[in-house]
$ cat start.pdb   # PDB, C-alpha atoms, pLDDT in the B column
ATOM      1  CA  MET C   1     -56.499  66.652  96.555  1.00 59.00           C
ATOM      2  CA  PHE C   2     -58.786  63.736  97.537  1.00 62.00           C
ATOM      3  CA  GLN C   3     -60.487  63.598 100.934  1.00 64.00           C
ATOM      4  CA  GLU C   4     -59.974  59.878 101.492  1.00 74.00           C
ATOM      5  CA  GLN C   5     -57.549  57.241 100.336  1.00 85.00           C
ATOM      6  CA  LEU C   6     -57.782  56.810  96.606  1.00 91.00           C
ATOM      7  CA  LEU C   7     -58.371  53.264  95.339  1.00 96.00           C
ATOM      8  CA  LEU C   8     -57.389  52.657  91.724  1.00 97.00           C
ATOM      9  CA  TYR C   9     -57.363  49.479  89.656  1.00 98.00           C
ATOM     10  CA  LEU C  10     -54.716  49.019  86.993  1.00 98.00           C
ATOM     11  CA  ALA C  11     -54.845  46.256  84.369  1.00 97.00           C
ATOM     12  CA  ASP C  12     -51.689  45.731  82.325  1.00 96.00           C
ATOM     13  CA  ASP C  13     -49.963  42.540  81.227  1.00 95.00           C
ATOM     14  CA  ASP C  14     -46.516  44.181  81.435  1.00 94.00           C
ATOM     15  CA  GLU C  15     -45.111  43.952  84.963  1.00 95.00           C
ATOM     16  CA  THR C  16     -42.578  46.720  84.304  1.00 93.00           C
ATOM     17  CA  ASP C  17     -45.342  49.106  83.212  1.00 93.00           C
ATOM     18  CA  ARG C  18     -47.372  48.249  86.314  1.00 95.00           C
ATOM     19  CA  THR C  19     -44.345  49.083  88.477  1.00 95.00           C
ATOM     20  CA  PHE C  20     -43.741  52.400  86.680  1.00 95.00           C
ATOM     21  CA  PHE C  21     -47.396  53.359  87.063  1.00 95.00           C
ATOM     22  CA  GLN C  22     -47.297  52.528  90.788  1.00 95.00           C
ATOM     23  CA  GLU C  23     -44.143  54.600  91.283  1.00 96.00           C
ATOM     24  CA  ALA C  24     -45.608  57.505  89.307  1.00 96.00           C
ATOM     25  CA  PHE C  25     -48.836  57.462  91.330  1.00 95.00           C
ATOM     26  CA  ASP C  26     -46.802  57.374  94.556  1.00 94.00           C
ATOM     27  CA  THR C  27     -44.895  60.447  93.339  1.00 95.00           C
ATOM     28  CA  ILE C  28     -48.133  62.369  92.774  1.00 94.00           C
ATOM     29  CA  ILE C  29     -50.215  61.434  95.801  1.00 90.00           C
ATOM     30  CA  SER C  30     -49.268  59.778  99.076  1.00 85.00           C
ATOM     31  CA  ASP C  31     -52.624  58.369 100.138  1.00 89.00           C
ATOM     32  CA  ILE C  32     -53.227  55.982  97.268  1.00 92.00           C
ATOM     33  CA  ASN C  33     -53.845  52.262  96.887  1.00 95.00           C
ATOM     34  CA  VAL C  34     -53.261  50.864  93.400  1.00 96.00           C
ATOM     35  CA  ILE C  35     -54.368  47.273  92.904  1.00 97.00           C
ATOM     36  CA  SER C  36     -52.846  45.742  89.789  1.00 97.00           C
ATOM     37  CA  PHE C  37     -54.069  42.966  87.531  1.00 96.00           C
ATOM     38  CA  ASP C  38     -52.157  41.297  84.723  1.00 94.00           C
ATOM     39  CA  ASN C  39     -55.163  40.989  82.401  1.00 94.00           C
ATOM     40  CA  GLY C  40     -58.763  42.050  81.927  1.00 94.00           C
ATOM     41  CA  VAL C  41     -60.212  38.693  83.005  1.00 96.00           C
ATOM     42  CA  THR C  42     -58.756  38.879  86.521  1.00 96.00           C
ATOM     43  CA  LEU C  43     -59.797  42.534  86.718  1.00 97.00           C
ATOM     44  CA  MET C  44     -63.402  41.654  85.829  1.00 97.00           C
ATOM     45  CA  ASP C  45     -63.416  38.736  88.299  1.00 96.00           C
ATOM     46  CA  ASN C  46     -62.341  41.156  91.019  1.00 96.00           C
ATOM     47  CA  LEU C  47     -64.850  43.849  90.021  1.00 97.00           C
ATOM     48  CA  LEU C  48     -67.726  41.372  90.021  1.00 96.00           C
ATOM     49  CA  ASN C  49     -66.817  39.887  93.414  1.00 95.00           C
ATOM     50  CA  GLU C  50     -69.247  41.478  95.880  1.00 92.00           C
ATOM     51  CA  ASN C  51     -66.656  41.236  98.690  1.00 94.00           C
ATOM     52  CA  ASN C  52     -64.226  43.615  96.977  1.00 93.00           C
ATOM     53  CA  PRO C  53     -64.466  47.405  97.168  1.00 93.00           C
ATOM     54  CA  LEU C  54     -65.009  49.263  93.922  1.00 96.00           C
ATOM     55  CA  PRO C  55     -62.259  51.610  92.782  1.00 97.00           C
ATOM     56  CA  GLN C  56     -62.632  55.326  92.126  1.00 95.00           C
ATOM     57  CA  ALA C  57     -61.118  54.740  88.656  1.00 96.00           C
ATOM     58  CA  ILE C  58     -59.766  52.001  86.410  1.00 98.00           C
ATOM     59  CA  TYR C  59     -56.685  52.266  84.200  1.00 98.00           C
ATOM     60  CA  LEU C  60     -56.715  49.774  81.313  1.00 97.00           C
ATOM     61  CA  ASP C  61     -53.919  48.884  78.943  1.00 94.00           C
ATOM     62  CA  LEU C  62     -55.385  48.685  75.450  1.00 93.00           C
ATOM     63  CA  ASN C  63     -53.375  45.627  74.377  1.00 92.00           C
ATOM     64  CA  MET C  64     -53.610  42.736  76.835  1.00 91.00           C
ATOM     65  CA  PRO C  65     -53.966  38.989  76.311  1.00 89.00           C
ATOM     66  CA  LEU C  66     -57.164  37.122  77.235  1.00 89.00           C
ATOM     67  CA  MET C  67     -59.266  40.297  77.299  1.00 92.00           C
ATOM     68  CA  ASN C  68     -58.025  43.543  75.776  1.00 91.00           C
ATOM     69  CA  GLY C  69     -58.914  47.059  76.877  1.00 91.00           C
ATOM     70  CA  ILE C  70     -61.792  47.412  74.401  1.00 92.00           C
ATOM     71  CA  GLU C  71     -63.418  44.157  75.549  1.00 94.00           C
ATOM     72  CA  CYS C  72     -62.859  45.002  79.199  1.00 96.00           C
ATOM     73  CA  LEU C  73     -64.335  48.496  78.754  1.00 96.00           C
ATOM     74  CA  SER C  74     -67.412  46.970  77.127  1.00 95.00           C
ATOM     75  CA  ASP C  75     -67.882  44.445  79.948  1.00 96.00           C
ATOM     76  CA  ILE C  76     -67.488  47.160  82.602  1.00 97.00           C
ATOM     77  CA  LYS C  77     -70.015  49.470  80.937  1.00 96.00           C
ATOM     78  CA  ASN C  78     -72.494  46.568  80.624  1.00 95.00           C
ATOM     79  CA  GLU C  79     -72.539  46.061  84.409  1.00 95.00           C
ATOM     80  CA  ILE C  80     -74.930  48.486  86.113  1.00 94.00           C
ATOM     81  CA  LYS C  81     -72.885  48.676  89.340  1.00 94.00           C
ATOM     82  CA  LEU C  82     -69.719  49.528  87.364  1.00 96.00           C
ATOM     83  CA  GLN C  83     -71.057  51.949  84.740  1.00 92.00           C
ATOM     84  CA  ASN C  84     -70.125  55.142  86.584  1.00 92.00           C
ATOM     85  CA  ILE C  85     -66.509  54.246  87.352  1.00 95.00           C
ATOM     86  CA  PRO C  86     -64.205  56.432  85.231  1.00 95.00           C
ATOM     87  CA  ILE C  87     -62.137  54.396  82.781  1.00 96.00           C
ATOM     88  CA  PHE C  88     -58.777  55.590  81.500  1.00 96.00           C
ATOM     89  CA  ILE C  89     -57.417  53.592  78.566  1.00 95.00           C
ATOM     90  CA  TYR C  90     -53.745  53.819  77.709  1.00 94.00           C
ATOM     91  CA  SER C  91     -51.499  52.595  74.925  1.00 91.00           C
ATOM     92  CA  SER C  92     -48.343  53.573  73.106  1.00 87.00           C
ATOM     93  CA  THR C  93     -50.191  53.798  69.785  1.00 83.00           C
ATOM     94  CA  ILE C  94     -52.632  56.325  68.421  1.00 82.00           C
ATOM     95  CA  ASP C  95     -55.200  54.774  66.081  1.00 82.00           C
ATOM     96  CA  SER C  96     -58.065  57.194  65.429  1.00 84.00           C
ATOM     97  CA  SER C  97     -60.627  54.462  64.691  1.00 87.00           C
ATOM     98  CA  VAL C  98     -59.813  52.665  67.956  1.00 87.00           C
ATOM     99  CA  ILE C  99     -59.836  55.942  69.887  1.00 88.00           C
ATOM    100  CA  ASP C 100     -63.259  56.827  68.429  1.00 88.00           C
ATOM    101  CA  GLN C 101     -64.545  53.387  69.429  1.00 90.00           C
ATOM    102  CA  LEU C 102     -63.238  53.795  72.979  1.00 91.00           C
ATOM    103  CA  GLN C 103     -64.777  57.237  73.354  1.00 89.00           C
ATOM    104  CA  ASN C 104     -68.119  56.051  71.960  1.00 90.00           C
ATOM    105  CA  ASN C 105     -68.078  53.066  74.339  1.00 92.00           C
ATOM    106  CA  GLY C 106     -67.670  55.226  77.442  1.00 92.00           C
ATOM    107  CA  ALA C 107     -63.945  55.607  78.153  1.00 94.00           C
ATOM    108  CA  ASN C 108     -63.254  58.874  79.951  1.00 93.00           C
ATOM    109  CA  LEU C 109     -59.700  59.529  78.722  1.00 93.00           C
ATOM    110  CA  TYR C 110     -57.191  57.975  76.355  1.00 92.00           C
ATOM    111  CA  LEU C 111     -53.663  58.262  77.725  1.00 93.00           C
ATOM    112  CA  VAL C 112     -50.741  57.890  75.351  1.00 91.00           C
ATOM    113  CA  LYS C 113     -47.975  55.990  77.159  1.00 90.00           C
ATOM    114  CA  PRO C 114     -45.060  58.391  77.416  1.00 89.00           C
ATOM    115  CA  ASN C 115     -41.432  57.441  76.922  1.00 88.00           C
ATOM    116  CA  SER C 116     -40.109  58.875  80.192  1.00 92.00           C
ATOM    117  CA  PHE C 117     -40.985  58.670  83.864  1.00 94.00           C
ATOM    118  CA  ASP C 118     -41.462  62.452  84.175  1.00 94.00           C
ATOM    119  CA  ARG C 119     -43.920  62.454  81.301  1.00 94.00           C
ATOM    120  CA  LEU C 120     -45.757  59.490  82.843  1.00 95.00           C
ATOM    121  CA  VAL C 121     -46.124  61.482  86.070  1.00 96.00           C
ATOM    122  CA  SER C 122     -47.485  64.429  84.062  1.00 94.00           C
ATOM    123  CA  THR C 123     -49.941  62.217  82.169  1.00 94.00           C
ATOM    124  CA  LEU C 124     -51.197  60.519  85.325  1.00 96.00           C
ATOM    125  CA  ARG C 125     -51.453  63.865  87.129  1.00 94.00           C
ATOM    126  CA  HIS C 126     -53.737  65.045  84.304  1.00 91.00           C
ATOM    127  CA  SER C 127     -55.923  61.950  84.724  1.00 94.00           C
ATOM    128  CA  LEU C 128     -56.090  62.485  88.501  1.00 94.00           C
ATOM    129  CA  ASP C 129     -57.134  66.113  87.974  1.00 90.00           C
ATOM    130  CA  TYR C 130     -59.934  64.807  85.768  1.00 89.00           C
ATOM    131  CA  LEU C 131     -60.843  62.214  88.404  1.00 91.00           C
ATOM    132  CA  GLU C 132     -60.920  64.799  91.190  1.00 88.00           C
ATOM    133  CA  SER C 133     -63.362  66.942  89.209  1.00 84.00           C
ATOM    134  CA  TYR C 134     -65.428  63.860  88.372  1.00 80.00           C
ATOM    135  CA  CYS C 135     -65.550  62.671  92.006  1.00 77.00           C
ATOM    136  CA  ASN C 136     -66.484  66.135  93.252  1.00 75.00           C
ATOM    137  CA  LYS C 137     -69.251  66.227  90.654  1.00 71.00           C
ATOM    138  CA  LYS C 138     -67.842  69.373  89.173  1.00 58.00           C
ATOM    139  CA  ILE C 139     -68.319  70.072  85.525  1.00 53.00           C
ATOM    140  CA  VAL C 140     -65.415  68.356  83.834  1.00 54.00           C
ATOM    141  CA  LEU C 141     -64.022  70.849  81.339  1.00 50.00           C
ATOM    142  CA  PHE C 142     -61.291  68.821  79.727  1.00 52.00           C
ATOM    143  CA  ASP C 143     -61.244  69.717  76.072  1.00 55.00           C
ATOM    144  CA  LYS C 144     -59.280  66.668  74.993  1.00 66.00           C
ATOM    145  CA  PHE C 145     -60.087  62.979  75.134  1.00 60.00           C
ATOM    146  CA  ILE C 146     -56.481  62.109  74.231  1.00 60.00           C
ATOM    147  CA  VAL C 147     -53.767  62.962  76.749  1.00 62.00           C
ATOM    148  CA  ASN C 148     -50.359  62.968  75.094  1.00 63.00           C
ATOM    149  CA  ASN C 149     -47.837  64.668  77.395  1.00 58.00           C
TER
END

$ encode --input "start.pdb" --output "structure tokens"
Amino acid sequence: MFQEQLLLYLADDDETDRTFFQEAFDTIISDINVISFDNGVTLMDNLLNENNPLPQAIYLDLNMPLMNGIECLSDIKNEIKLQNIPIFIYSSTIDSSVIDQLQNNGANLYLVKPNSFDRLVSTLRHSLDYLESYCNKKIVLFDKFIVNN
């Protein structure tokens, strides 16, 4: 799949969700490092620290305290060194106006949080397929912005 260890950042205020995401990623790919943050502020602090490596992708929960996914996406896209990192936003809700805003502001995919572990694995596998194409600079031919497995 990927030629080197994959570094992903995950921002979610729900510790249980962070654990499920980690377990799902570990099911899909063995050579992966997921660094988790409990809100967008700590994520941004980490991203802006020159001593920290940049991830290949960022997964953002839409609804977080302190800085939500929309605000975090905007801050990331306003930083030149971060603009090309793929951003995957996820939430359990589907609000077309919010989804349009996210797409217009540069999110790469919107992942609908599934209600089972198997469906989470399927959803994250889809996002990693997208990421692999993106990292290999292949034409990304995903016809949907919303992933709802």

$ closest_residue --input "start.pdb" --among "C:Val112, C:Ser36, C:Glu4, C:Asp12" --to "Asp95 (chain C)" --atoms "all atoms listed in the file"
C:Val112

$ residues_around --input "start.pdb" --residues "Val121 (chain C)" --least-positions-apart "3" --cutoff "8 Å" --atoms "only C-alpha atoms" --output "list in words"
Ala24, Phe25, Thr27, Ile28, Phe117, Asp118, Leu124 and Arg125 of chain C

$ closest_residue --input "start.pdb" --among "C:Lys137, C:Arg119, C:Lys113, C:His126" --to "Ser92 (chain C)" --atoms "all atoms listed in the file"
C:Lys113

$ atom_distance --input "start.pdb" --atom1 "CA of Val98 (chain C)" --atom2 "CA of Cys135 (chain C)"
26.7 Å

$ resolve_selection --input "start.pdb" --expression "the PyMOL selection byres ((chain C and resi 11) around 7)" --output "VMD selection string"
chain C and resid 9 to 10 12 to 13 36 to 40 43 59 to 61

$ resolve_selection --input "start.pdb" --expression "the PyMOL selection byres ((chain C and resi 84) around 12)" --output "list of chain:residue names"
C:Leu54, C:Pro55, C:Gln56, C:Ala57, C:Ile58, C:Leu73, C:Ile76, C:Lys77, C:Asn78, C:Glu79, C:Ile80, C:Lys81, C:Leu82, C:Gln83, C:Ile85, C:Pro86, C:Ile87, C:Gly106, C:Ala107, C:Asn108, C:Leu131, C:Tyr134, C:Cys135, C:Lys137

$ closest_residue --input "start.pdb" --among "C:Asn46, C:Val34, C:Leu66, C:Tyr90" --to "Thr19 (chain C)" --atoms "only C-alpha atoms"
C:Val34
